[in-house]
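A.B. asks: Just passing along the structure, written as structure tokens.
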Amino acid sequence: METKNYTLGRGKIYFSRFKPGGYVPAGYRYIGNTPQVSLTFEEQELTHVNSDEGIREEDDSVTLEVTRTGALTTDNMATENIALFMLGSESLVTQASVASGTETLSGVKAGHSYRLGVTDANPTGYFGIDPTGFEVADGTPTTLVAGTDYTMDYDTGVLTLLPDSLLAVDGADLTVTFAVAGSTRTRVISGDTSIEGSLMYVSKNPKGTNSTIFMPWVKIMPAGDLELKSDDWQQLPLNMRILKLATAEAVYRDGIPAYT
């Protein structure tokens, strides 16, 4: 009887970065929903043509190169996945509380926004400003009025001077008095090197035989646009370059065990 293995593909992607200094997986993480996953295998051959008589015919060939790549898209906007897209790393930032701080904003412009606490050591500034005791004053000194002269996003530490403010005069210096609440937040910092690790694809097909595809060494890199604003779900497009370790093959596909 003829065997038919028609397959409707579904499955889960698991990725592990390597431990420092080698090719040992640190532990596999389920990336999340992946609407698209694909592999591409390409071979480059050098062919030989016999031209001694009659028509020219190929009589030999040798493989020069095998290239293995892949692509996947995930709509799970986890910080670890964003770090893969940004070729970077994720971390948990702990912000210590600051009981009292003062900052002078020089040469301000109405209608513009300003971050508080920006330094070379802290380029993103403070997050989590305490609304209690927050004050903005000019050199008169006159205290500016929230909602009339400015708005303040306390979570992100961004002060915006309103265009119609009579006190936030272009070119003026403002003094901001504030406190910072203790907090934690996630952070992703971009990098410039593709992320190396090991990848598994575990199929969960509604139709067709299931299998597990294992790639001991892959490099993951961004593959297009991250739409920060659109009318659809955000997605992260990623490419994979599948490499071969000296101690293993590039790709393994294992079926489900048949127990004896």
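Chain lettering (A, B, ...) mirrors the order of the structure tokens, residue numbering begins at 1 for each chain separately, and ligand numbering begins at 1 in order of display.
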As JSON, numbers by chain, list the residues of region 3-226 of chain A assigned to alpha helix (DSSP H) by DSSP on the backbone atoms of this structure.
C.D. replies: {"A": [79, 80, 81, 82, 83, 84, 85]}
A.B. asks: Would you give me, as a PyMOL selection string, the residues in region 42-170 of chain A that DSSP reads as strand (DSSP E)?
C.D. replies: chain A and resi 42-50+57-74+89-95+98-105+113-115+129-137+150-153+158-161
A.B. asks: What's the separation between CA of Thr132 (chain A) and CA of Gly111 (chain A), in Å to one decimal place?
C.D. replies: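 Between these atoms lies a distance of 24.1 Å.
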A.B. asks: Give me, as JSON lines, each residue of region 173-218 of chain A that comes within 9 Å of region 1-18 of chain A, together with its shortest interatomic pair and the distance in Å at one decimal, counting only C-alpha atoms, with rows ordered by chain and rising residue number.
C.D. replies:
{"residue": "A:Ile195", "atom": "CA", "partner": "A:Arg17", "partner_atom": "CA", "distance": 7.4}
{"residue": "A:Glu196", "atom": "CA", "partner": "A:Arg17", "partner_atom": "CA", "distance": 6.0}
{"residue": "A:Gly197", "atom": "CA", "partner": "A:Arg17", "partner_atom": "CA", "distance": 4.1}
{"residue": "A:Ser198", "atom": "CA", "partner": "A:Ser16", "partner_atom": "CA", "distance": 5.3}
{"residue": "A:Leu199", "atom": "CA", "partner": "A:Phe15", "partner_atom": "CA", "distance": 4.5}
{"residue": "A:Met200", "atom": "CA", "partner": "A:Tyr14", "partner_atom": "CA", "distance": 5.1}
{"residue": "A:Tyr201", "atom": "CA", "partner": "A:Ile13", "partner_atom": "CA", "distance": 4.7}
{"residue": "A:Val202", "atom": "CA", "partner": "A:Lys12", "partner_atom": "CA", "distance": 5.3}
{"residue": "A:Ser203", "atom": "CA", "partner": "A:Gly11", "partner_atom": "CA", "distance": 3.8}
{"residue": "A:Lys204", "atom": "CA", "partner": "A:Gly11", "partner_atom": "CA", "distance": 4.7}
{"residue": "A:Asn205", "atom": "CA", "partner": "A:Arg10", "partner_atom": "CA", "distance": 4.8}
{"residue": "A:Pro206", "atom": "CA", "partner": "A:Leu8", "partner_atom": "CA", "distance": 6.3}
{"residue": "A:Lys207", "atom": "CA", "partner": "A:Thr7", "partner_atom": "CA", "distance": 5.1}
{"residue": "A:Gly208", "atom": "CA", "partner": "A:Thr7", "partner_atom": "CA", "distance": 4.0}
{"residue": "A:Thr209", "atom": "CA", "partner": "A:Asn5", "partner_atom": "CA", "distance": 6.9}
{"residue": "A:Asn210", "atom": "CA", "partner": "A:Gly9", "partner_atom": "CA", "distance": 8.9}
A.B. asks: Would you save the residues from that selection as a compact mmCIF listing (two decimals), in the first residue's frame, using all heavy atoms?
C.D. replies:
# COMPACT_ATOMS: atom_id res chain seq x y z
N ILE A 195 24.04 37.00 16.95
CA ILE A 195 23.95 36.20 18.16
C ILE A 195 24.17 34.73 17.82
O ILE A 195 23.51 34.18 16.94
CB ILE A 195 22.59 36.38 18.85
CG1 ILE A 195 22.29 37.87 19.03
CG2 ILE A 195 22.55 35.64 20.16
CD1 ILE A 195 23.29 38.61 19.87
N GLU A 196 25.11 34.09 18.53
CA GLU A 196 25.41 32.69 18.26
C GLU A 196 24.81 31.80 19.34
O GLU A 196 24.79 32.15 20.52
CB GLU A 196 26.93 32.48 18.20
CG GLU A 196 27.61 33.24 17.09
CD GLU A 196 29.07 32.87 16.93
OE1 GLU A 196 29.39 31.67 17.05
OE2 GLU A 196 29.88 33.78 16.71
N GLY A 197 24.34 30.63 18.90
CA GLY A 197 23.78 29.69 19.84
C GLY A 197 23.33 28.43 19.13
O GLY A 197 23.74 28.13 18.00
N SER A 198 22.47 27.70 19.79
CA SER A 198 21.95 26.44 19.29
C SER A 198 20.44 26.54 19.20
O SER A 198 19.80 27.18 20.05
CB SER A 198 22.37 25.30 20.23
OG SER A 198 21.89 24.06 19.78
N LEU A 199 19.85 25.89 18.19
CA LEU A 199 18.42 26.06 17.94
C LEU A 199 17.75 24.71 17.73
O LEU A 199 18.30 23.81 17.09
CB LEU A 199 18.21 26.96 16.72
CG LEU A 199 16.77 27.38 16.41
CD1 LEU A 199 16.74 28.85 15.98
CD2 LEU A 199 16.18 26.51 15.32
N MET A 200 16.53 24.58 18.27
CA MET A 200 15.71 23.39 18.07
C MET A 200 14.35 23.80 17.52
O MET A 200 13.78 24.82 17.94
CB MET A 200 15.47 22.66 19.40
CG MET A 200 16.65 21.97 20.00
SD MET A 200 16.16 20.88 21.38
CE MET A 200 15.32 22.03 22.48
N TYR A 201 13.85 22.99 16.59
CA TYR A 201 12.47 23.14 16.11
C TYR A 201 11.75 21.84 16.41
O TYR A 201 12.13 20.77 15.93
CB TYR A 201 12.45 23.43 14.61
CG TYR A 201 11.06 23.46 14.03
CD1 TYR A 201 10.23 24.55 14.21
CD2 TYR A 201 10.57 22.38 13.29
CE1 TYR A 201 8.95 24.58 13.68
CE2 TYR A 201 9.29 22.39 12.75
CZ TYR A 201 8.48 23.50 12.95
OH TYR A 201 7.22 23.52 12.43
N VAL A 202 10.72 21.91 17.24
CA VAL A 202 9.94 20.74 17.62
C VAL A 202 8.58 20.85 16.95
O VAL A 202 7.79 21.74 17.29
CB VAL A 202 9.80 20.64 19.15
CG1 VAL A 202 8.99 19.40 19.53
CG2 VAL A 202 11.17 20.61 19.81
N SER A 203 8.32 19.97 15.98
CA SER A 203 7.07 20.09 15.22
C SER A 203 5.89 19.57 16.02
O SER A 203 6.00 18.64 16.82
CB SER A 203 7.19 19.34 13.90
OG SER A 203 7.27 17.94 14.12
N LYS A 204 4.75 20.21 15.82
CA LYS A 204 3.48 19.83 16.42
C LYS A 204 2.43 19.89 15.31
O LYS A 204 1.49 20.69 15.35
CB LYS A 204 3.11 20.78 17.57
CG LYS A 204 4.14 20.86 18.70
CD LYS A 204 4.15 19.60 19.54
CE LYS A 204 5.13 19.72 20.70
NZ LYS A 204 5.16 18.49 21.53
N ASN A 205 2.58 19.02 14.34
CA ASN A 205 1.78 19.11 13.12
C ASN A 205 0.34 18.62 13.34
O ASN A 205 0.14 17.55 13.91
CB ASN A 205 2.41 18.27 12.01
CG ASN A 205 3.82 18.71 11.70
OD1 ASN A 205 4.13 19.90 11.73
ND2 ASN A 205 4.68 17.76 11.38
N PRO A 206 -0.66 19.37 12.88
CA PRO A 206 -2.03 18.85 12.89
C PRO A 206 -2.22 17.72 11.87
O PRO A 206 -3.12 16.90 12.01
CB PRO A 206 -2.88 20.07 12.55
CG PRO A 206 -1.96 20.97 11.79
CD PRO A 206 -0.60 20.74 12.36
N LYS A 207 -1.36 17.70 10.86
CA LYS A 207 -1.39 16.65 9.84
C LYS A 207 0.04 16.35 9.43
O LYS A 207 0.79 17.25 9.07
CB LYS A 207 -2.21 17.12 8.62
CG LYS A 207 -2.22 16.16 7.44
CD LYS A 207 -2.99 14.89 7.76
CE LYS A 207 -3.10 14.01 6.51
NZ LYS A 207 -3.83 12.75 6.80
N GLY A 208 0.44 15.07 9.51
CA GLY A 208 1.78 14.69 9.11
C GLY A 208 2.62 14.21 10.29
O GLY A 208 2.29 14.44 11.45
N THR A 209 3.72 13.56 9.96
CA THR A 209 4.60 13.00 10.98
C THR A 209 5.41 14.09 11.67
O THR A 209 5.97 14.96 11.01
CB THR A 209 5.55 11.98 10.34
OG1 THR A 209 4.79 10.96 9.68
CG2 THR A 209 6.44 11.34 11.39
N ASN A 210 5.46 14.02 13.00
CA ASN A 210 6.23 15.01 13.76
C ASN A 210 7.71 14.64 13.80
O ASN A 210 8.10 13.47 13.63
CB ASN A 210 5.69 15.11 15.18
CG ASN A 210 4.38 15.86 15.25
OD1 ASN A 210 4.23 16.91 14.63
ND2 ASN A 210 3.42 15.34 15.99
A.B. asks: What's around Glu135 (chain A) at 10 Å? Count only C-alpha atoms, leave out sequence neighbours fewer than 4 positions away in its own chain, and write the answer as a list in words.
C.D. replies: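 That gives Thr102, Pro131, Thr143, Leu144, Val145, Ala146, Thr175, Val176, Thr177 and Phe178 of chain A.
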A.B. asks: For region 59-115 of chain A versus region 248-259 of chain A, which residues have an atom no more than 12 Å away, and what is each residue's nearest atom pair and distance in Å rounded to one decimal, using only C-alpha atoms, chain-then-number order, as a Markdown table?
C.D. replies:
| residue | atom | partner | partner_atom | distance |
| --- | --- | --- | --- | --- |
| A:Val66 | CA | A:Ala250 | CA | 10.6 |
| A:Thr67 | CA | A:Ala250 | CA | 10.2 |
| A:Arg68 | CA | A:Ala250 | CA | 8.2 |
| A:Thr69 | CA | A:Ala250 | CA | 10.5 |
| A:Gly70 | CA | A:Val251 | CA | 11.5 |
A.B. asks: Please list as a CSV table (one decimal) with C-alpha atoms, in the first residue's frame every residue within 12 Å of Leu228 (chain A), counting only C-alpha atoms and excluding residues in the same chain fewer than 5 positions away.
C.D. replies:
chain,number,residue,atom,x,y,z
A,77,MET,CA,7.8,40.9,21.6
A,82,ILE,CA,14.1,42.1,20.7
A,233,TRP,CA,0.6,42.9,15.3
A,234,GLN,CA,4.3,43.7,15.7
A,235,GLN,CA,6.6,41.1,14.3
A,236,LEU,CA,10.4,40.4,14.5
